[in-house]
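Just below is one structure, and these are the notes that go with it.
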Amino acid sequence: MTNTYQPVACSLLTDEAAVQILDWANLQRQVVGIERLEQGVAMTFSIELADSVEDLAAREAECCPFLSIATSRSDDLVRLEITSDDPNASEVIELLTGAGAQ
């Protein structure tokens, strides 16, 4: 069987990637819930952070197409799911979500 995964590589330049990683670290400090999924991690945040969560999710989806990133809103929470079919992406998911420290 042929491997059809996207390469686990970010298209950002080093400086851009560093700024985006800081954005993820700032977001991690505001998480109200984290859940391991079969192929990734789900995080929940206060609805007040919805625009920030959705913006960062969109930026990450653009530079890292090997990730599947989805957001959804409820009345008081925003949920962010980051998954990948490629098991090699697990370290990236843990870095973005802080799930490795959980």
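How things are named: the first chain in the structure tokens is A, the next is B, and so on; residues count from 1 in each chain; ligands count from 1 in the order shown.
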message = Using DSSP assignments from the backbone, pull out every residue in chain A that falls under strand (DSSP E) and give it to me as a list in words.
response = Gly33, Ile34, Glu35, Arg36, Leu37, Gly40, Val41, Ala42, Met43, Thr44, Phe45, Ser46, Ser68, Ile69, Ala70, Thr71, Ser72, Arg73, Leu77, Val78, Arg79, Leu80, Glu81, Ile82 and Thr83 of chain A
Atoms kept (N, CA and C atoms) for selection, written as a PDB file, in the first residue's frame:
ATOM      1  N   GLY A  33     -10.512  23.228  28.779  1.00  0.00           N
ATOM      2  CA  GLY A  33     -10.638  21.777  28.710  1.00  0.00           C
ATOM      3  C   GLY A  33      -9.817  21.227  27.569  1.00  0.00           C
ATOM      4  N   ILE A  34      -9.280  20.031  27.775  1.00  0.00           N
ATOM      5  CA  ILE A  34      -8.502  19.377  26.733  1.00  0.00           C
ATOM      6  C   ILE A  34      -8.865  17.901  26.726  1.00  0.00           C
ATOM      7  N   GLU A  35      -8.980  17.352  25.537  1.00  0.00           N
ATOM      8  CA  GLU A  35      -9.419  15.963  25.388  1.00  0.00           C
ATOM      9  C   GLU A  35      -8.595  15.307  24.293  1.00  0.00           C
ATOM     10  N   ARG A  36      -8.058  14.166  24.604  1.00  0.00           N
ATOM     11  CA  ARG A  36      -7.344  13.389  23.576  1.00  0.00           C
ATOM     12  C   ARG A  36      -8.366  12.703  22.683  1.00  0.00           C
ATOM     13  N   LEU A  37      -8.136  12.789  21.398  1.00  0.00           N
ATOM     14  CA  LEU A  37      -8.958  12.117  20.404  1.00  0.00           C
ATOM     15  C   LEU A  37      -8.144  10.983  19.797  1.00  0.00           C
ATOM     16  N   GLY A  40      -5.793  12.851  17.483  1.00  0.00           N
ATOM     17  CA  GLY A  40      -5.389  14.214  17.784  1.00  0.00           C
ATOM     18  C   GLY A  40      -5.868  14.683  19.138  1.00  0.00           C
ATOM     19  N   VAL A  41      -6.200  15.977  19.191  1.00  0.00           N
ATOM     20  CA  VAL A  41      -6.566  16.622  20.455  1.00  0.00           C
ATOM     21  C   VAL A  41      -7.680  17.624  20.204  1.00  0.00           C
ATOM     22  N   ALA A  42      -8.590  17.727  21.164  1.00  0.00           N
ATOM     23  CA  ALA A  42      -9.616  18.773  21.155  1.00  0.00           C
ATOM     24  C   ALA A  42      -9.387  19.662  22.374  1.00  0.00           C
ATOM     25  N   MET A  43      -9.535  20.955  22.149  1.00  0.00           N
ATOM     26  CA  MET A  43      -9.384  21.933  23.224  1.00  0.00           C
ATOM     27  C   MET A  43     -10.650  22.774  23.269  1.00  0.00           C
ATOM     28  N   THR A  44     -11.053  23.180  24.461  1.00  0.00           N
ATOM     29  CA  THR A  44     -12.188  24.090  24.582  1.00  0.00           C
ATOM     30  C   THR A  44     -11.737  25.363  25.282  1.00  0.00           C
ATOM     31  N   PHE A  45     -12.379  26.460  24.867  1.00  0.00           N
ATOM     32  CA  PHE A  45     -12.057  27.787  25.366  1.00  0.00           C
ATOM     33  C   PHE A  45     -13.344  28.550  25.623  1.00  0.00           C
ATOM     34  N   SER A  46     -13.250  29.569  26.420  1.00  0.00           N
ATOM     35  CA  SER A  46     -14.362  30.483  26.643  1.00  0.00           C
ATOM     36  C   SER A  46     -14.772  31.100  25.310  1.00  0.00           C
ATOM     37  N   SER A  68      -5.732  18.368  10.122  1.00  0.00           N
ATOM     38  CA  SER A  68      -7.151  18.692   9.968  1.00  0.00           C
ATOM     39  C   SER A  68      -7.525  19.528  11.178  1.00  0.00           C
ATOM     40  N   ILE A  69      -7.964  20.754  10.933  1.00  0.00           N
ATOM     41  CA  ILE A  69      -8.260  21.679  12.018  1.00  0.00           C
ATOM     42  C   ILE A  69      -9.683  22.178  11.860  1.00  0.00           C
ATOM     43  N   ALA A  70     -10.464  22.038  12.925  1.00  0.00           N
ATOM     44  CA  ALA A  70     -11.862  22.463  12.880  1.00  0.00           C
ATOM     45  C   ALA A  70     -12.219  23.180  14.177  1.00  0.00           C
ATOM     46  N   THR A  71     -13.071  24.187  14.048  1.00  0.00           N
ATOM     47  CA  THR A  71     -13.585  24.888  15.226  1.00  0.00           C
ATOM     48  C   THR A  71     -15.106  24.849  15.186  1.00  0.00           C
ATOM     49  N   SER A  72     -15.686  24.905  16.353  1.00  0.00           N
ATOM     50  CA  SER A  72     -17.145  24.993  16.459  1.00  0.00           C
ATOM     51  C   SER A  72     -17.485  25.792  17.712  1.00  0.00           C
ATOM     52  N   ARG A  73     -18.603  26.486  17.640  1.00  0.00           N
ATOM     53  CA  ARG A  73     -19.045  27.324  18.763  1.00  0.00           C
ATOM     54  C   ARG A  73     -20.320  26.754  19.367  1.00  0.00           C
ATOM     55  N   LEU A  77     -18.849  28.214  24.769  1.00  0.00           N
ATOM     56  CA  LEU A  77     -17.526  27.650  24.517  1.00  0.00           C
ATOM     57  C   LEU A  77     -17.222  27.618  23.022  1.00  0.00           C
ATOM     58  N   VAL A  78     -15.952  27.615  22.723  1.00  0.00           N
ATOM     59  CA  VAL A  78     -15.481  27.338  21.370  1.00  0.00           C
ATOM     60  C   VAL A  78     -14.589  26.105  21.468  1.00  0.00           C
ATOM     61  N   ARG A  79     -14.791  25.171  20.551  1.00  0.00           N
ATOM     62  CA  ARG A  79     -14.032  23.918  20.538  1.00  0.00           C
ATOM     63  C   ARG A  79     -13.104  23.931  19.332  1.00  0.00           C
ATOM     64  N   LEU A  80     -11.880  23.531  19.553  1.00  0.00           N
ATOM     65  CA  LEU A  80     -10.866  23.441  18.511  1.00  0.00           C
ATOM     66  C   LEU A  80     -10.384  21.999  18.464  1.00  0.00           C
ATOM     67  N   GLU A  81     -10.489  21.374  17.298  1.00  0.00           N
ATOM     68  CA  GLU A  81      -9.997  20.008  17.118  1.00  0.00           C
ATOM     69  C   GLU A  81      -8.862  20.018  16.110  1.00  0.00           C
ATOM     70  N   ILE A  82      -7.759  19.408  16.487  1.00  0.00           N
ATOM     71  CA  ILE A  82      -6.609  19.262  15.599  1.00  0.00           C
ATOM     72  C   ILE A  82      -6.317  17.767  15.503  1.00  0.00           C
ATOM     73  N   THR A  83      -6.419  17.237  14.300  1.00  0.00           N
ATOM     74  CA  THR A  83      -6.198  15.816  14.077  1.00  0.00           C
ATOM     75  C   THR A  83      -5.371  15.624  12.811  1.00  0.00           C
TER      76      THR A  83
END
Write out, as a Markdown table, each residue of segment 32-87 of chain A that has an atom at most 9 Å from segment 12-25 of chain A, together with the closest pair of atoms and their distance in Å to one decimal, counting only C-alpha atoms, rows going by chain and rising number.
| residue | atom | partner | partner_atom | distance |
| --- | --- | --- | --- | --- |
| A:Leu56 | CA | A:Asp23 | CA | 7.6 |
| A:Arg59 | CA | A:Gln20 | CA | 8.5 |
| A:Glu60 | CA | A:Gln20 | CA | 8.2 |
| A:Cys63 | CA | A:Leu12 | CA | 6.2 |
| A:Cys64 | CA | A:Leu12 | CA | 8.7 |
ask   = For Ser84 of chain A, which residue among A:Leu27, A:Leu67, A:Val32, A:Leu96 is the nearest when counting only C-alpha atoms?
value =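 Closest to Ser84 of chain A of all the choices is A:Leu67.
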request  = Pull the helix (DSSP H, G or I) assignments for chain A out of DSSP run on the backbone, and list those residues as a VMD selection string.
outcome  = chain A and resid 14 to 28 47 to 63 87 to 97 99 to 101
